[in-house]
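Shown next: coords.cif, given as mmCIF, C-alpha atoms and all ligand atoms.
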```cif
data_final
loop_
_atom_site.label_atom_id
_atom_site.label_comp_id
_atom_site.auth_asym_id
_atom_site.auth_seq_id
_atom_site.Cartn_x
_atom_site.Cartn_y
_atom_site.Cartn_z
CA MET M 1 -3.63 -15.26 19.58
CA ASN M 2 -7.27 -15.93 18.98
CA THR M 3 -8.90 -19.34 18.71
CA ALA M 4 -11.27 -18.73 15.80
CA ALA M 5 -12.22 -22.10 14.33
CA SER M 6 -10.74 -22.91 10.94
CA ALA M 7 -9.23 -25.71 8.88
CA PHE M 8 -5.94 -24.55 10.37
CA GLY M 9 -6.95 -25.73 13.85
CA SER M 10 -7.34 -23.87 17.11
CA ARG M 11 -4.05 -21.97 16.67
CA GLY M 12 -5.31 -20.52 13.41
CA ILE M 13 -2.89 -19.68 10.63
CA ARG M 14 0.72 -19.85 11.86
CA ILE M 15 2.69 -16.92 10.50
CA LEU M 16 6.43 -16.35 10.35
CA LEU M 17 7.39 -12.67 10.27
CA VAL M 18 10.62 -11.75 8.49
CA GLY M 19 11.93 -8.26 9.34
CA ALA M 20 11.46 -6.66 12.76
CA GLY M 21 12.40 -3.06 11.93
CA VAL M 22 10.04 -0.07 11.92
CA ARG M 23 7.33 -1.81 9.91
CA GLY M 24 8.00 -5.34 11.17
CA ALA M 25 7.40 -4.26 14.79
CA MET M 26 3.97 -3.02 13.72
CA TRP M 27 3.28 -6.30 11.94
CA ALA M 28 4.30 -8.25 15.06
CA ARG M 29 1.66 -6.42 17.09
CA VAL M 30 -1.08 -6.77 14.47
CA ILE M 31 -0.45 -10.48 13.83
CA ALA M 32 -0.19 -11.28 17.56
CA GLU M 33 -3.57 -9.61 18.16
CA ALA M 34 -5.31 -11.02 15.09
CA PRO M 35 -8.27 -13.38 15.31
CA GLY M 36 -7.44 -16.68 13.63
CA ALA M 37 -3.66 -16.25 13.53
CA THR M 38 -0.59 -17.11 15.59
CA LEU M 39 2.73 -15.32 15.33
CA ALA M 40 4.88 -18.47 15.24
CA GLY M 41 8.27 -16.86 14.75
CA ILE M 42 10.14 -13.61 14.11
CA VAL M 43 13.20 -13.52 11.87
CA ASP M 44 15.66 -10.66 11.61
CA ARG M 45 19.34 -10.53 10.73
CA ASP M 46 19.54 -8.27 13.74
CA GLU M 47 18.43 -10.81 16.35
CA ALA M 48 18.05 -8.14 19.05
CA ARG M 49 15.29 -6.52 17.01
CA ALA M 50 13.48 -9.83 16.59
CA SER M 51 13.79 -10.52 20.34
CA ARG M 52 12.42 -7.06 21.17
CA ALA M 53 9.39 -7.62 18.94
CA ARG M 54 8.83 -11.03 20.51
CA ASP M 55 9.07 -9.63 24.07
CA ASP M 56 6.71 -6.76 23.23
CA HIS M 57 4.05 -8.72 21.38
CA ALA M 58 4.36 -12.51 21.21
CA PRO M 59 6.27 -14.10 24.13
CA GLY M 60 5.71 -17.62 22.72
CA ALA M 61 7.21 -16.90 19.29
CA LEU M 62 10.58 -18.31 18.25
CA VAL M 63 13.31 -15.90 17.21
CA ALA M 64 15.88 -16.57 14.48
CA ARG M 65 18.43 -14.73 12.37
CA ASP M 66 17.42 -16.28 9.08
CA PHE M 67 14.52 -17.89 7.34
CA ASP M 68 15.97 -21.42 7.09
CA ALA M 69 16.82 -21.54 10.80
CA ALA M 70 13.28 -20.39 11.63
CA LEU M 71 11.71 -23.04 9.41
CA ALA M 72 13.95 -25.77 10.81
CA ARG M 73 13.27 -24.78 14.41
CA SER M 74 9.53 -24.51 13.84
CA GLY M 75 9.58 -28.09 12.49
CA GLY M 76 7.84 -26.81 9.35
CA ALA M 77 4.95 -25.59 11.51
CA ALA M 78 4.18 -22.46 9.47
CA ASP M 79 1.39 -21.77 7.00
CA ALA M 80 2.23 -18.26 5.91
CA MET M 81 4.90 -15.60 5.93
CA VAL M 82 4.78 -11.82 6.28
CA ILE M 83 7.86 -10.04 4.91
CA ALA M 84 8.85 -6.57 6.17
CA THR M 85 12.47 -6.27 5.00
CA PRO M 86 13.96 -3.75 2.51
CA PRO M 87 12.73 -4.11 -1.10
CA SER M 88 16.04 -5.45 -2.44
CA THR M 89 15.53 -8.63 -0.34
CA HIS M 90 11.89 -9.29 -1.32
CA HIS M 91 12.38 -11.38 -4.46
CA ALA M 92 14.69 -13.90 -2.76
CA LEU M 93 12.59 -14.15 0.41
CA VAL M 94 9.24 -14.49 -1.37
CA SER M 95 10.73 -17.14 -3.71
CA ARG M 96 11.96 -19.19 -0.74
CA ALA M 97 8.63 -18.90 1.06
CA LEU M 98 6.73 -20.04 -2.02
CA ALA M 99 9.18 -22.95 -2.48
CA HIS M 100 8.17 -24.02 1.04
CA ARG M 101 4.52 -23.70 -0.02
CA LEU M 102 3.75 -20.81 2.31
CA HIS M 103 1.21 -18.11 1.54
CA VAL M 104 2.97 -14.74 1.54
CA LEU M 105 2.15 -11.15 2.35
CA CYS M 106 5.10 -8.95 1.39
CA GLU M 107 5.63 -5.28 2.05
CA LYS M 108 5.76 -2.78 -0.79
CA PRO M 109 7.32 -2.31 -3.23
CA LEU M 110 7.27 -6.02 -4.04
CA SER M 111 10.44 -5.29 -6.00
CA GLU M 112 12.13 -2.32 -7.63
CA ASP M 113 12.38 -4.45 -10.79
CA VAL M 114 9.21 -5.16 -12.79
CA ASP M 115 10.66 -8.41 -14.22
CA GLU M 116 11.14 -9.74 -10.69
CA VAL M 117 7.49 -9.00 -9.94
CA THR M 118 6.23 -10.86 -13.02
CA ASP M 119 8.52 -13.75 -12.01
CA LEU M 120 7.01 -13.83 -8.49
CA ILE M 121 3.49 -13.79 -9.95
CA ALA M 122 4.40 -16.85 -12.08
CA GLN M 123 5.95 -18.60 -9.07
CA THR M 124 2.84 -17.89 -6.98
CA LYS M 125 0.59 -19.38 -9.64
CA ALA M 126 2.78 -22.48 -9.98
CA ALA M 127 2.84 -22.98 -6.19
CA ARG M 128 -0.95 -22.44 -5.98
CA ARG M 129 -0.45 -20.05 -3.11
CA HIS M 130 -1.49 -16.44 -2.40
CA LEU M 131 0.87 -13.48 -2.62
CA LEU M 132 -0.48 -10.21 -1.25
CA VAL M 133 1.29 -6.83 -0.96
CA GLY M 134 1.34 -4.21 1.83
CA MET M 135 -1.15 -1.74 0.39
CA ASN M 136 -2.76 -1.20 3.80
CA PHE M 137 -3.97 2.36 3.18
CA ARG M 138 -6.77 0.91 1.08
CA TYR M 139 -8.26 -0.11 4.41
CA LEU M 140 -8.40 3.40 5.89
CA PRO M 141 -12.07 4.32 6.40
CA SER M 142 -11.47 7.48 4.32
CA SER M 143 -10.20 5.41 1.35
CA GLN M 144 -13.09 2.95 1.62
CA ARG M 145 -15.56 5.88 1.65
CA ILE M 146 -14.08 7.56 -1.44
CA ARG M 147 -14.17 4.23 -3.28
CA ARG M 148 -17.77 3.73 -2.20
CA TYR M 149 -18.80 7.10 -3.65
CA VAL M 150 -17.13 6.19 -6.94
CA CYS M 151 -18.61 2.68 -7.13
CA THR M 152 -22.16 3.69 -6.16
CA GLY M 153 -22.21 6.79 -8.36
CA GLU M 154 -23.90 8.67 -5.48
CA LEU M 155 -22.20 11.94 -6.46
CA GLY M 156 -22.27 11.19 -10.19
CA ALA M 157 -19.16 10.30 -12.17
CA PRO M 158 -15.75 11.48 -10.91
CA SER M 159 -14.18 14.02 -13.28
CA TYR M 160 -10.83 15.25 -11.99
CA ALA M 161 -8.67 15.35 -8.87
CA HIS M 162 -5.83 17.04 -7.06
CA PHE M 163 -3.67 14.98 -4.67
CA THR M 164 -0.99 16.72 -2.63
CA TYR M 165 1.30 15.24 0.02
CA HIS M 166 3.86 17.59 1.60
CA ARG M 167 6.01 15.99 4.28
CA GLN M 168 9.37 17.11 5.63
CA ARG M 169 10.70 13.59 6.31
CA ASP M 170 14.22 13.96 7.68
CA GLY M 171 15.89 10.68 6.71
CA ASN M 172 18.43 11.09 9.54
CA ARG M 173 15.88 10.40 12.27
CA ASP M 174 16.65 7.38 14.49
CA ASP M 175 13.11 6.03 14.15
CA LEU M 176 13.26 5.79 10.35
CA ASN M 177 14.86 3.17 8.11
CA ASP M 178 18.23 3.89 6.45
CA TYR M 179 18.08 2.03 3.14
CA VAL M 180 15.91 4.69 1.42
CA MET M 181 18.67 7.30 1.79
CA SER M 182 20.53 5.96 -1.24
CA MET M 183 17.63 4.65 -3.36
CA ALA M 184 17.43 6.06 -6.89
CA HIS M 185 13.70 6.90 -6.58
CA PRO M 186 12.87 6.87 -2.86
CA MET M 187 9.67 8.91 -3.08
CA LEU M 188 8.25 7.08 -6.09
CA LEU M 189 8.97 3.57 -4.84
CA GLU M 190 8.44 4.01 -1.12
CA GLN M 191 5.68 6.61 -0.77
CA SER M 192 4.08 7.68 -4.04
CA ILE M 193 3.35 4.02 -4.81
CA HIS M 194 0.82 4.10 -1.94
CA HIS M 195 -0.80 7.20 -3.44
CA PHE M 196 -0.88 5.77 -6.97
CA ASP M 197 -2.41 2.60 -5.55
CA LEU M 198 -5.08 4.65 -3.73
CA LEU M 199 -5.94 6.58 -6.89
CA ARG M 200 -6.35 3.31 -8.85
CA TYR M 201 -8.23 1.56 -6.08
CA CYS M 202 -10.57 4.37 -5.08
CA TYR M 203 -11.35 5.45 -8.65
CA ASP M 204 -11.76 1.78 -9.64
CA ALA M 205 -9.85 2.53 -12.83
CA GLU M 206 -6.44 1.98 -14.36
CA VAL M 207 -4.10 4.72 -15.54
CA GLU M 208 -4.30 5.16 -19.30
CA SER M 209 -1.31 7.55 -19.63
CA LEU M 210 0.82 9.95 -17.59
CA VAL M 211 3.55 12.54 -17.71
CA CYS M 212 5.95 12.91 -14.77
CA ASP M 213 8.73 15.10 -13.42
CA THR M 214 10.86 14.52 -10.31
CA TRP M 215 13.54 16.66 -8.65
CA ARG M 216 15.72 17.09 -5.56
CA PRO M 217 15.56 20.33 -3.52
CA SER M 218 18.96 21.48 -2.25
CA TRP M 219 18.14 20.76 1.46
CA SER M 220 16.93 17.19 0.88
CA THR M 221 18.42 14.51 3.16
CA TYR M 222 18.07 11.92 0.35
CA GLU M 223 20.43 11.19 -2.52
CA GLY M 224 17.59 10.53 -4.97
CA ASP M 225 14.69 12.75 -6.05
CA CYS M 226 12.05 13.27 -3.36
CA CYS M 227 9.69 15.57 -5.23
CA VAL M 228 7.31 13.85 -7.64
CA SER M 229 4.80 15.58 -9.89
CA VAL M 230 2.51 13.57 -12.16
CA LEU M 231 -0.43 14.35 -14.41
CA PHE M 232 -2.60 11.25 -14.90
CA ARG M 233 -5.28 10.34 -17.38
CA PHE M 234 -7.32 7.37 -16.18
CA ALA M 235 -9.15 4.92 -18.44
CA ASN M 236 -12.52 6.19 -17.12
CA GLY M 237 -11.65 9.75 -18.16
CA VAL M 238 -10.60 11.01 -14.71
CA ARG M 239 -7.65 13.42 -14.70
CA ALA M 240 -5.51 13.60 -11.55
CA ASN M 241 -2.78 16.07 -10.74
CA TYR M 242 -0.33 14.70 -8.14
CA LEU M 243 2.41 16.37 -6.10
CA GLY M 244 4.16 14.31 -3.43
CA THR M 245 7.30 15.12 -1.50
CA TRP M 246 9.46 14.10 1.46
CA THR M 247 11.38 17.37 1.21
CA ALA M 248 9.30 20.36 2.25
CA ALA M 249 10.19 23.73 3.75
CA TRP M 250 7.55 23.49 6.49
CA ASN M 251 7.53 20.68 9.06
CA ARG M 252 3.71 20.68 9.26
CA MET M 253 2.44 17.61 7.39
CA HIS M 254 0.10 18.79 4.66
CA PHE M 255 -2.22 16.37 2.90
CA ARG M 256 -5.10 17.22 0.61
CA TRP M 257 -6.95 14.98 -1.82
CA ARG M 258 -9.83 16.63 -3.62
CA THR M 259 -12.01 14.87 -6.18
CA GLU M 260 -14.60 16.69 -8.29
CA PHE M 261 -17.65 14.63 -9.23
CA GLU M 262 -20.57 15.76 -11.42
CA GLY M 263 -22.68 16.26 -8.29
CA GLY M 264 -20.15 17.63 -5.83
CA ALA M 265 -16.70 17.21 -4.34
CA LEU M 266 -14.97 14.97 -1.81
CA ILE M 267 -12.08 16.59 0.04
CA GLN M 268 -9.78 14.63 2.36
CA ARG M 269 -7.98 17.22 4.47
CA GLU M 270 -5.70 15.04 6.60
CA GLN M 271 -3.65 11.98 5.72
CA PHE M 272 -5.74 9.39 7.54
CA GLU M 273 -9.07 11.15 8.21
CA ASP M 274 -11.13 14.32 7.87
CA LEU M 275 -13.13 13.66 4.72
CA VAL M 276 -15.80 16.19 3.76
CA ARG M 277 -18.44 16.16 1.02
CA VAL M 278 -19.72 19.17 -0.87
CA ASP M 279 -23.12 18.92 -2.57
CA PHE M 280 -22.77 21.07 -5.67
CA ASP M 281 -25.46 23.73 -6.14
CA ARG M 282 -25.14 24.64 -9.84
CA GLY M 283 -27.57 27.55 -9.57
CA LEU M 284 -25.46 29.17 -6.89
CA GLY M 285 -22.93 30.16 -9.52
CA LEU M 286 -25.37 32.83 -10.76
CA ARG M 287 -26.00 34.31 -7.32
CA GLY M 288 -23.96 36.09 -4.67
CA PRO M 289 -20.33 37.19 -4.97
CA ASN M 290 -18.27 36.13 -7.96
CA PHE M 291 -15.46 34.79 -5.74
CA LYS M 292 -17.20 32.99 -2.90
CA GLY M 293 -15.76 32.42 0.54
CA ASP M 294 -16.96 30.45 3.56
CA GLY M 295 -20.63 31.14 4.24
CA GLU M 296 -21.20 32.19 0.61
CA ALA M 297 -20.54 28.82 -1.07
CA GLU M 298 -21.95 25.36 -0.28
CA THR M 299 -21.08 24.26 3.25
CA PRO M 300 -18.91 21.09 3.34
CA VAL M 301 -20.48 18.23 5.31
CA VAL M 302 -18.19 16.04 7.42
CA GLU M 303 -18.31 12.37 6.40
CA PRO M 304 -18.66 10.32 9.61
CA LEU M 305 -15.89 7.69 9.56
CA GLU M 306 -15.14 4.80 11.90
CA PRO M 307 -12.36 5.60 14.37
CA CYS M 308 -9.02 4.37 13.05
CA THR M 309 -5.50 4.13 14.43
CA PRO M 310 -3.30 4.68 11.35
CA PHE M 311 -0.91 1.84 10.45
CA VAL M 312 -2.69 -0.45 12.94
CA ASP M 313 -6.36 -0.69 11.94
CA ASP M 314 -5.63 -0.43 8.21
CA THR M 315 -2.99 -3.16 8.58
CA ARG M 316 -5.56 -5.25 10.46
CA GLY M 317 -7.89 -4.89 7.48
CA LEU M 318 -5.19 -6.05 5.09
CA LEU M 319 -4.25 -8.97 7.35
CA ALA M 320 -7.92 -10.02 7.51
CA GLU M 321 -7.95 -10.12 3.69
CA PHE M 322 -4.80 -12.26 3.74
CA LEU M 323 -6.13 -14.69 6.36
CA GLY M 324 -9.46 -15.00 4.52
CA ALA M 325 -7.57 -15.81 1.31
CA CYS M 326 -5.40 -18.42 3.10
CA ARG M 327 -8.57 -20.08 4.42
CA GLY M 328 -10.10 -20.09 0.92
CA GLU M 329 -12.97 -17.87 2.09
CA LEU M 330 -12.45 -14.99 -0.31
CA GLU M 331 -10.76 -13.92 -3.52
CA PRO M 332 -8.14 -11.34 -2.46
CA VAL M 333 -7.81 -8.09 -4.40
CA THR M 334 -4.60 -6.68 -2.86
CA THR M 335 -2.49 -9.19 -4.77
CA ALA M 336 0.87 -9.18 -6.52
CA GLY M 337 -0.99 -9.14 -9.84
CA ASP M 338 -2.81 -5.99 -8.77
CA HIS M 339 0.37 -4.44 -7.37
CA LEU M 340 2.11 -4.98 -10.69
CA GLU M 341 -0.18 -2.35 -12.18
CA SER M 342 0.91 0.22 -9.53
CA LEU M 343 4.56 -0.66 -10.21
CA LEU M 344 3.97 -0.17 -13.93
CA VAL M 345 2.69 3.31 -13.05
CA VAL M 346 5.99 3.94 -11.20
CA GLN M 347 7.91 2.53 -14.18
CA ALA M 348 5.93 4.82 -16.51
CA CYS M 349 6.91 7.79 -14.30
CA ILE M 350 10.59 6.87 -14.58
CA GLU M 351 10.30 6.47 -18.37
CA SER M 352 8.41 9.77 -18.70
CA LEU M 353 11.18 11.45 -16.75
CA ALA M 354 13.74 10.10 -19.22
CA SER M 355 11.76 10.97 -22.34
CA GLY M 356 10.15 14.17 -21.11
CA GLY M 357 6.83 13.08 -22.61
CA TRP M 358 3.57 11.21 -22.03
CA VAL M 359 3.81 7.44 -21.47
CA THR M 360 0.97 5.05 -22.31
CA LEU M 361 0.45 2.25 -19.79
CA GLN M 362 -0.71 -0.26 -22.40
CA GLU M 363 2.72 -0.08 -24.01
CA LEU M 364 4.30 -1.13 -20.70
CA ARG M 365 1.72 -3.88 -20.12
CA ASP M 366 2.52 -5.30 -23.56
CA ARG M 367 6.25 -5.08 -22.93
CA PHE M 368 6.04 -6.77 -19.53
CA ALA M 369 3.26 -9.17 -20.62
CA ALA M 370 0.99 -7.90 -17.84
CA ARG M 371 -2.80 -8.11 -17.78
CA PRO M 372 -4.81 -5.11 -16.47
CA ALA M 373 -5.35 -5.91 -12.77
CA LEU M 374 -8.74 -4.30 -12.40
CA ALA M 375 -10.55 -7.16 -14.10
CA ARG M 376 -12.13 -7.62 -10.67
CA PRO M 377 -15.74 -7.09 -9.72
CA THR M 378 -16.68 -3.60 -8.56
CA GLY M 379 -17.19 -3.38 -4.81
CA GLU M 380 -15.64 -2.33 -1.58
CA GLY M 381 -13.27 -5.13 -0.78
CA PRO M 382 -12.20 -8.72 -1.29
CA VAL M 383 -14.63 -11.09 -2.96
CA PRO M 384 -15.79 -14.15 -0.98
CA GLY M 385 -15.10 -17.64 -2.23
CA GLY M 386 -11.89 -17.36 -4.25
CA GLY M 387 -8.92 -19.65 -4.92
CA PRO M 388 -5.19 -18.96 -4.98
CA SER M 389 -4.15 -15.66 -6.57
N1 LIG M 401 2.89 -0.42 4.25
C1 LIG M 401 3.35 0.50 5.09
O1 LIG M 401 2.59 1.28 5.66
C2 LIG M 401 4.84 0.56 5.33
C3 LIG M 401 5.38 1.46 6.26
C4 LIG M 401 6.78 1.46 6.46
C5 LIG M 401 7.59 0.58 5.74
N2 LIG M 401 7.02 -0.27 4.84
C6 LIG M 401 7.83 -1.23 4.08
O2 LIG M 401 8.32 -2.22 4.98
C7 LIG M 401 9.60 -2.70 4.53
C8 LIG M 401 10.61 -2.53 5.67
O3 LIG M 401 10.72 -1.16 5.99
P1 LIG M 401 11.21 -0.70 7.44
O4 LIG M 401 10.96 0.76 7.52
O5 LIG M 401 10.65 -1.58 8.50
O6 LIG M 401 12.79 -0.96 7.31
P2 LIG M 401 13.84 -1.19 8.51
O7 LIG M 401 15.16 -0.94 7.93
O8 LIG M 401 13.40 -0.39 9.71
O9 LIG M 401 13.67 -2.73 8.90
C9 LIG M 401 14.06 -3.76 8.04
C10 LIG M 401 14.52 -4.93 8.89
O10 LIG M 401 14.78 -6.04 8.03
C11 LIG M 401 15.96 -6.72 8.50
N3 LIG M 401 16.51 -7.49 7.37
C12 LIG M 401 17.07 -7.01 6.24
N4 LIG M 401 17.34 -8.01 5.38
C13 LIG M 401 16.95 -9.15 6.00
C14 LIG M 401 16.95 -10.52 5.62
N5 LIG M 401 17.42 -10.90 4.42
N6 LIG M 401 16.47 -11.43 6.50
C15 LIG M 401 16.01 -11.06 7.70
N7 LIG M 401 15.96 -9.75 8.10
C16 LIG M 401 16.42 -8.82 7.27
C17 LIG M 401 16.85 -5.61 9.03
O11 LIG M 401 17.80 -6.10 9.97
C18 LIG M 401 15.82 -4.66 9.67
O12 LIG M 401 15.60 -4.93 11.04
C19 LIG M 401 9.93 -1.89 3.27
O13 LIG M 401 9.58 -2.63 2.14
C20 LIG M 401 9.05 -0.64 3.42
O14 LIG M 401 8.72 -0.05 2.18
C21 LIG M 401 5.67 -0.30 4.65
#
```

Reformat the file's structure so that it appears as structure tokens.
Amino acid sequence: MNTAASAFGSRGIRILLVGAGVRGAMWARVIAEAPGATLAGIVDRDEARASRARDDHAPGALVARDFDAALARSGGAADAMVIATPPSTHHALVSRALAHRLHVLCEKPLSEDVDEVTDLIAQTKAARRHLLVGMNFRYLPSSQRIRRYVCTGELGAPSYAHFTYHRQRDGNRDDLNDYVMSMAHPMLLEQSIHHFDLLRYCYDAEVESLVCDTWRPSWSTYEGDCCVSVLFRFANGVRANYLGTWTAAWNRMHFRWRTEFEGGALIQREQFEDLVRVDFDRGLGLRGPNFKGDGEAETPVVEPLEPCTPFVDDTRGLLAEFLGACRGELEPVTTAGDHLESLLVVQACIESLASGGWVTLQELRDRFAARPALARPTGEGPVPGGGPS
């Protein structure tokens, strides 16, 4: 715990954590180490997991099997809640937290059901509280840098992109969660949603339309489809071609995100790092070999990025946004309202799969009475001085 001064007193914002599984254990560490926050309690149906997280990270925290017991035992001494349980539990848990007037940060997907998300947004507004969602990869230095290039126009306007994520994720591993094994769309809802969110966030643009296909290779450990292919058209004209999978035939993780701008290219070659920039030399196309290799084409320049421990430092960035919002110091951007737009992209993928054709996002926004989320100022992060989201 850190004693940063705030309206919340020397203990800072007191947070209850619900869910102490794979992700919850990470949250326990990040909250316990955060300036201006105290991990007041850890709740898990599996009390042994909650106790382990407490022993590892926050010896003073209370441990309980359910939310009501935790609130009762804390004597109402909580300001906020972080939820890291399976998606099917999110709507009920967020609703109860808001009813107790707690600010909430909930893991993704906020729900598998778009109507539940619009309901939570309405509840959040009525309670005058903040509801943020676990889109932590926005806070990777590589993501922030790509967004900065787009927002400053330093390389000209972005034109098109290729995003590939090949991972052989064996769902039978002991250190992975189980609930995804039987989800209808595990890749779309659990993993691709991060990638869709990054495309929206970094390109500072909403999806205008898309066409999607998904499938299940014969050796997949999942019941649902784990291969997702999408062609996006963004409102700013950017085209993006996406392939993401948890079922590969090579155990080497392979990540590549390449964006072509008018003045060059950005290529991220590893999942959490290794971003290079190419300064496009148009005249070079007329000289040298027709098919250029290394040493014949422009030399990529490594983008220097801050060191980052994946899942820790990016989660710290997201938690800092949440704490700033709770203190009324900034207008958060990683909100439920913003997340709704990424979930509509997932919904559009599912509908495209059914129809076999292009789906227009505006049609879904109209149907679900959603406003485009990117009505926010252009910039790198949260905006200072905001009210409840
Ligand atoms: N943002 C990220 O980088 C990231 C990474 C991994 C997982 N996640 C998300 O975190 C969430 C949890 O995933 P996980 O991998 O930790 O799952 P997990 O199965 O490892 O852990 C979930 C925990 O929640 C507990 N639980 C379930 N229902 C509960 C309830 N009603 N009350 C109290 N405890 C309950 C379970 O006992 C379990 O310990 C999911 O939404 C997942 O998508 C996010």

Query raised in the report: Would you name the residues within 7 Å of ligand LIG 401 (chain M), counting all atoms listed in the file, and put them as a ChimeraX atom specification?
Result: /M:18-24,43-46,49,65-67,84-87,89,107-109,134-136,176-179,190,311

Query raised in the report: What is the CA of Thr247 in chain M-CA of Gln144 in chain M distance in Å, reported with one decimal?
Result: 28.4 Å

Query - Selected residue of minimal separation from Met187 in chain M among M:Val30, M:Val346, M:Ile13, M:Ala126, counting all atoms listed in the file - result: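 Among the listed residues, the smallest separation from Met187 in chain M belongs to M:Val346.
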
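Across M:Val333, M:Pro35, M:Arg14, M:His130, the tightest approach to Ala61 in chain M is made by M:Arg14 when counting only C-alpha atoms.
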
Report task. Find the residue from M:Gly288, M:Gly41, M:Gly263, M:Pro307 that sits nearest to Ala58 in chain M; use only C-alpha atoms when measuring. Result ->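 Of all the options, M:Gly41 lies closest to Ala58 in chain M.
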
Query raised in the report: Near Val302 in chain M, counting only C-alpha atoms, which residues have an atom at most 8 Å away, once you skip same-chain residues fewer than 4 positions from it, shown as a list of chain:residue names?
Result: M:Asp274, M:Leu275, M:Val276, M:Arg277

Query - One-decimal distance in Å that lies between CA of Leu343 in chain M and CA of Val114 in chain M - result: 7.0 Å

Query raised in the report: Which polymer residues have any atom within 9 Å of an atom of Ala34 in chain M, counting only C-alpha atoms, with same-chain residues fewer than 3 positions away left out, as a list in words?
Result: Met1, Asn2, Arg29, Val30, Ile31, Ala37, Thr38, Arg316, Leu319 and Ala320 of chain M

Requested in this report: Using only C-alpha atoms, find the one residue out of M:Ala161, M:Ile350, M:Leu266, M:Val94 that sits nearest to Leu243 in chain M.
Outcome: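 Between M:Ala161, M:Ile350, M:Leu266, M:Val94, the residue approaching Leu243 in chain M most closely is M:Ala161.
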
Query raised in the report: How many Å separate CA of Trp215 in chain M from CA of Cys227 in chain M?
Result: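 Result for CA of Trp215 in chain M versus CA of Cys227 in chain M: 5.3 Å, one decimal.
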
Query raised in the report: Out of M:Thr334, M:Ser142, M:Ser51, M:Thr360, which residue has the shortest atom-to-atom distance to Ala64 in chain M when counting only C-alpha atoms?
Result: M:Ser51

Query - Proximity to Gly356 in chain M - best of M:Leu318, M:Val230, M:Ile267, M:Met253, all atoms listed in the file - result: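 Smallest separation from Gly356 in chain M among the options: M:Val230.
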
**Report entry** Shell around Val150 in chain M at 12 Å using only C-alpha atoms, local window under 3 positions removed, as a ChimeraX atom specification
**Finding:** /M:143-147,153-159,199-205,236,238,259-266,378-380
